[in-house]
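> Quick one: this structure, given as structure tokens, is what I'll be asking you about.
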Amino acid sequence: MRVLFALLFLWLSGCASDQLDAGVLAFDDGSLPQAIEAWEGIEGDLSAAAHYNAGVARYRQDDVPRAIAHWRSAAQLRPRSPDIAHNLALARSRLSGRAPTPVGAQVGWMNFATAGELGLLALLLLCAASATGWRWRRRGGRAAQPIGLSAVGLLLAVGALQAAWLLSSQPIAIVVDNPAVVRDAAAIHGAELLELSPGSEVAVQRRTGDFLLIRTADGHAGWIPVSTAVLVGPR
Amino acid sequence: MVRLLAALVALCIAMPGWAATVQLRVPTTELQVGQSVLIGVAVTNGTLDAVPAFSEPQGLRIAYERSEISNRTALVQGHFVVRRTTSYVYKLTALSEGSYTLGPVTLELHDEADQSTRAVTVKVGPRIEAANTSLAAEAQFDTSTAWEGQVVVYHYMLRNRTRILRSSWSLPDFEGLVAPRDGNRPRTQIQVEDPDGAVAIDTTWIPLVITGTGTLDQPVALVQVDLPNPAGQRRSPFGNNPFGANRRQEVLATEPAALRSRPLPAAPDDYSGLVGDFEFHTRLDKEQAAVGESVIWTVIVQGDGTLEGFSLPDPGSIENAQLYDNGPRVGAAVIDGKYVSKGEFERVLVPTEQGDLHVPDLMVTVFSPSEGRYITHEVPVGDVVVVPGTEAAANVISFPMLSGSGPVEHKAEDIRPIWRSGSNTVVRLSPWLHWLLALAALPGLVLLSLIGRERVEQQLAARRAVTGPTPPLERLSSLPADPEQRLAIMDGALRDAVGQGAPDDALQTEIEAVRRLLNRARFAGDAGAGLEEKIRVVIEQLEAA
């Protein structure tokens, strides 16, 4: 019961929209810095709407890399949103020729579903499997139904857990502000391998100190300073 | 839950309507006098009120045989689409030599506009008795002279009257030729009825792009054919066994395939890199659009050359509009022995000001092998009437300058506007997911453990039922070292033996004596010397009684 209350509290706290509305008002008044401050200053994990709006404001400020970072975060929460896909495509087209091919989602199916959605489906299937299992125990009959539901539920659960782990352990990084020099070692004296222009979307493999080990979509790997990029995903 | 899933599947299967298509299928276009082949008219996703009628050219006989219906399910743009094809099959018989055109066949579709098939030319040659051998192999290009960069089609064919078990081709290396990125290698196996017996024809086509110049003749292709031994020569009593006892091999060689490649002449500056005879069509998805609204400009390129690496020429800047390229969709196939490629290239036009937007004509220069020169296709695109958008109509500025200091002139809206509703934060399920999943799986796990425990208990009970209780005397043969346990087992064995036997008075007295000794040993600390032997004797007497 306590868990349920905690979940309810969390859900209700997530429903607050005061800062989002304040940002919208500031945006409508033409004050982009205030709107950005309102949206990016939200405590906790930003909603898809907050990320999306912050991306629009950043784009209006000609800060395309940060706009991309926000929209990719929004896309993780709402992967099927046409608005996000449209804006991302336009933002990337402004960088075409400068930034390398962007890396995709950590797992292919995350382009159309979130880890939470898959986990919820797994939850429902496991609950259904338990219910049908107990019914089968009382009434007898064929055990294929609970076994099948359990198998599918467990498969989806493993997929959801793996995605959740990848989102936090191997996020996506967007190079912002200045070009990032990719080095062969996690040190400022490491040999320079290549340079990533602002807006480059790369996959982070691990973090060591102030450096991120990144990999581009075309397979180049190396270390960049943490300060040169923003990470996409849960805070 | 199962019903819910079934309903979801049914919803997915509820497919969108698909336009009807008609097709004339002729498996071979070369026949000899007297030969017959089955041809068909296929109607996909449409219905006819009557069997299609062919106009029968003089020299051919076409007779209706039967109709067949097939359903094929495919996943198209996220929907399951069922395509129902009705095939009307005819028997085509060549009566006299000549070149004949079949079709186009016009079909009156039920509740839809009439559609026509393409026309197919069939060549009927004289009967060549020498060619009517039981087995023949053939390989050649579809043309003997071509241009560098042109796509040619190499086909190899095995013709046989006798039954063959297996065939394996060894093809040349195709030096100076490479396979295009797009394009299949279709294979057909047809049977032609002949007065001297049915002929099976197995043909495969390979599209190839010419990369070299000069003579590119390809050496012979070899085919190894496994044939069944004649009945009188069979060595194995087990029929056609897999070890080949009843088969023999023959190796056939084709003639070398001749091909000469000519280099392309000096190219003009605007040459697109395409070699082939192409057609270009363009269309705009709307004639009127609002400022900031996307207009899709589609260019369709179709021809007999490869579209690999081709992109639309840069039109430069278009006044009052921004232009973006979408990814192309390119496909190719070998149809009736000819290479056909098709590409759809999309551009997105976003008008930035109201008025008439003129899209300049598309100019693409290609090399035409049929004409032997570079030709420039000039494809008119058209105009778009641009009306004010929502924001422009109000003549109000949508977005401020960076400083946020007041209105600025309207800038074309090319990204989608902000979302006005939503929450500040999101409750991510991820940190809780493993606990929630464990919670959901808990009843199932409890059930599994219960079932497991029951199974174990059932197995133990079954084992007990099979083995039964251990006889008293046998229990005495494996006594533990612990004295208390030894005495308890002896006591139990004695009780069981007394319960099973029918002692007389003398034996009863002896039993009582042994019991006293046992009780003293168990509860009074007596050493109980020789007790085990006494109990054994009593139990033996009880069993004997």
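Each chain in the structure tokens gets a letter, A, B and so on, in the order shown; residues start at 1 in every chain, and ligands are counted from 1 in the order they appear.
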Using only C-alpha atoms, I'd like every residue of chain B that has an atom within 6 Å of chain A; please write them out as a PyMOL selection string.
chain B and resi 400+402+404+415-416+418+422-427+429-430+437+440-441+443-444
> If you run DSSP on the backbone, which residues of range 138-190 of chain A are helix (DSSP H, G or I), as a ChimeraX atom specification?
/A:138-139,144-169
> Between CA of Val384 in chain B and CA of Ala289 in chain B, what is the distance in Å, rounded to a tenth?
7.0 Å
> Between CA of Gln58 in chain B and CA of Val122 in chain B, what distance in Å does the model show, to one decimal?
12.5 Å
> What does the distance between CA of Val178 in chain B and CA of His377 in chain B come to in Å, to one decimal place?
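The value is 27.1 Å.
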> Considering only C-alpha atoms, can you say which of B:Ala524, B:Leu95, B:Val209, B:Val364 comes closest to Ala146 in chain B?
B:Val209
> Quick one: pick out all strand (DSSP E) residues within range 139-234 of chain B from a backbone DSSP run and write them as a ChimeraX atom specification.
/B:139-141,145-147,151-160,166-170,177-178,187-192,199-210,214-215,222-228
> Could you pull the residues within 8 Å of Val202 in chain A, counting only C-alpha atoms, minus those fewer than 6 positions along the same chain, as a list of chain:residue names?
A:Pro102, A:Val103, A:Ile172, A:Ala173, A:Ile174, A:Ile214, A:Arg215, A:Thr216, A:Ala217
> Taking only C-alpha atoms into account, name the residue in A:Ala203, A:Ala69, A:Ile224, A:Ala105 that is nearest to Ile188 in chain A.
A:Ile224
> Which residues are near Ser200 in chain A? Cut-off 8 Å, only C-alpha atoms, ignore same chain within fewer than 5 positions. Put them as a list in words.
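Result of the neighbour search: Pro65, Ala99, Pro100, Thr101, Pro102, Ile174 and Val175 of chain A.
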> If you keep C-alpha atoms, can you produce a file of those selected residues as a tab-separated table (two decimals), in the first residue's frame?

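Contents of the output file part02.tsv:
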chain	number	residue	atom	x	y	z
A	65	PRO	CA	23.00	21.73	-30.94
A	99	ALA	CA	28.09	17.09	-38.28
A	100	PRO	CA	28.59	13.35	-38.82
A	101	THR	CA	25.66	11.00	-39.26
A	102	PRO	CA	23.71	11.03	-35.98
A	174	ILE	CA	25.46	16.13	-28.31
A	175	VAL	CA	28.48	18.33	-28.90
> For Val151 in chain B, work out the shell of residues within 9 Å, counting only C-alpha atoms and skipping chain neighbours fewer than 4 positions away, then give it as a list of chain:residue names.
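The neighbour list is B:Ala146, B:Trp147, B:Ala179, B:Pro180, B:Pro207, B:Leu208, B:Val209, B:Ile210, B:Val275, B:Gly276, B:Asp304, B:Gly305, B:Thr306, B:Tyr339.
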> Using only N, CA and C atoms, please write the residues we just selected to a file, as a PDB file, in the first residue's frame.

ATOM      1  N   ALA B 146      27.387  -2.491 -76.224  1.00  0.00           N
ATOM      2  CA  ALA B 146      26.807  -1.597 -75.220  1.00  0.00           C
ATOM      3  C   ALA B 146      27.815  -0.500 -74.898  1.00  0.00           C
ATOM      4  N   TRP B 147      27.394   0.414 -74.020  1.00  0.00           N
ATOM      5  CA  TRP B 147      28.236   1.543 -73.628  1.00  0.00           C
ATOM      6  C   TRP B 147      28.722   1.337 -72.202  1.00  0.00           C
ATOM      7  N   ALA B 179      27.857  -6.155 -60.507  1.00  0.00           N
ATOM      8  CA  ALA B 179      26.414  -6.206 -60.241  1.00  0.00           C
ATOM      9  C   ALA B 179      25.963  -4.854 -59.699  1.00  0.00           C
ATOM     10  N   PRO B 180      24.842  -4.325 -60.176  1.00  0.00           N
ATOM     11  CA  PRO B 180      24.357  -3.053 -59.611  1.00  0.00           C
ATOM     12  C   PRO B 180      23.849  -3.258 -58.193  1.00  0.00           C
ATOM     13  N   PRO B 207      21.559  -8.941 -63.840  1.00  0.00           N
ATOM     14  CA  PRO B 207      21.882  -7.607 -64.354  1.00  0.00           C
ATOM     15  C   PRO B 207      23.327  -7.233 -63.996  1.00  0.00           C
ATOM     16  N   LEU B 208      24.029  -6.607 -64.924  1.00  0.00           N
ATOM     17  CA  LEU B 208      25.435  -6.249 -64.703  1.00  0.00           C
ATOM     18  C   LEU B 208      25.697  -4.864 -65.281  1.00  0.00           C
ATOM     19  N   VAL B 209      26.481  -4.079 -64.577  1.00  0.00           N
ATOM     20  CA  VAL B 209      26.870  -2.744 -65.065  1.00  0.00           C
ATOM     21  C   VAL B 209      28.243  -2.856 -65.720  1.00  0.00           C
ATOM     22  N   ILE B 210      28.369  -2.289 -66.909  1.00  0.00           N
ATOM     23  CA  ILE B 210      29.658  -2.350 -67.610  1.00  0.00           C
ATOM     24  C   ILE B 210      30.604  -1.321 -67.004  1.00  0.00           C
ATOM     25  N   VAL B 275      23.495   6.506 -67.185  1.00  0.00           N
ATOM     26  CA  VAL B 275      23.618   5.915 -68.522  1.00  0.00           C
ATOM     27  C   VAL B 275      22.384   5.048 -68.715  1.00  0.00           C
ATOM     28  N   GLY B 276      21.576   5.381 -69.684  1.00  0.00           N
ATOM     29  CA  GLY B 276      20.360   4.614 -69.929  1.00  0.00           C
ATOM     30  C   GLY B 276      19.301   5.497 -70.544  1.00  0.00           C
ATOM     31  N   ASP B 304      16.184   2.160 -67.959  1.00  0.00           N
ATOM     32  CA  ASP B 304      16.838   0.851 -68.026  1.00  0.00           C
ATOM     33  C   ASP B 304      18.289   0.922 -67.555  1.00  0.00           C
ATOM     34  N   GLY B 305      18.658   1.996 -66.871  1.00  0.00           N
ATOM     35  CA  GLY B 305      20.014   2.110 -66.332  1.00  0.00           C
ATOM     36  C   GLY B 305      19.986   2.122 -64.820  1.00  0.00           C
ATOM     37  N   THR B 306      21.166   1.988 -64.222  1.00  0.00           N
ATOM     38  CA  THR B 306      21.201   1.991 -62.760  1.00  0.00           C
ATOM     39  C   THR B 306      21.111   3.415 -62.228  1.00  0.00           C
ATOM     40  N   TYR B 339      16.299  -4.936 -67.706  1.00  0.00           N
ATOM     41  CA  TYR B 339      16.535  -4.264 -66.430  1.00  0.00           C
ATOM     42  C   TYR B 339      15.688  -3.004 -66.375  1.00  0.00           C
TER      43      TYR B 339
END
> For His358 in chain B, list every protein, DNA or RNA residue within 9 Å, evaluated using only C-alpha atoms, and leave out those in the same chain fewer than 2 positions away; present the list as a list in words.
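In the requested form, the answer reads Ile318, Glu319, Asp356, Pro360, Val381, Gly382, Asp383, Val384 and Val385 of chain B.
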> Just the residues within 8 Å of Thr145 in chain B, please, counting only C-alpha atoms, with nothing from its chain fewer than 2 positions along; format it as a PyMOL selection string.
chain B and resi 143+147+259-262
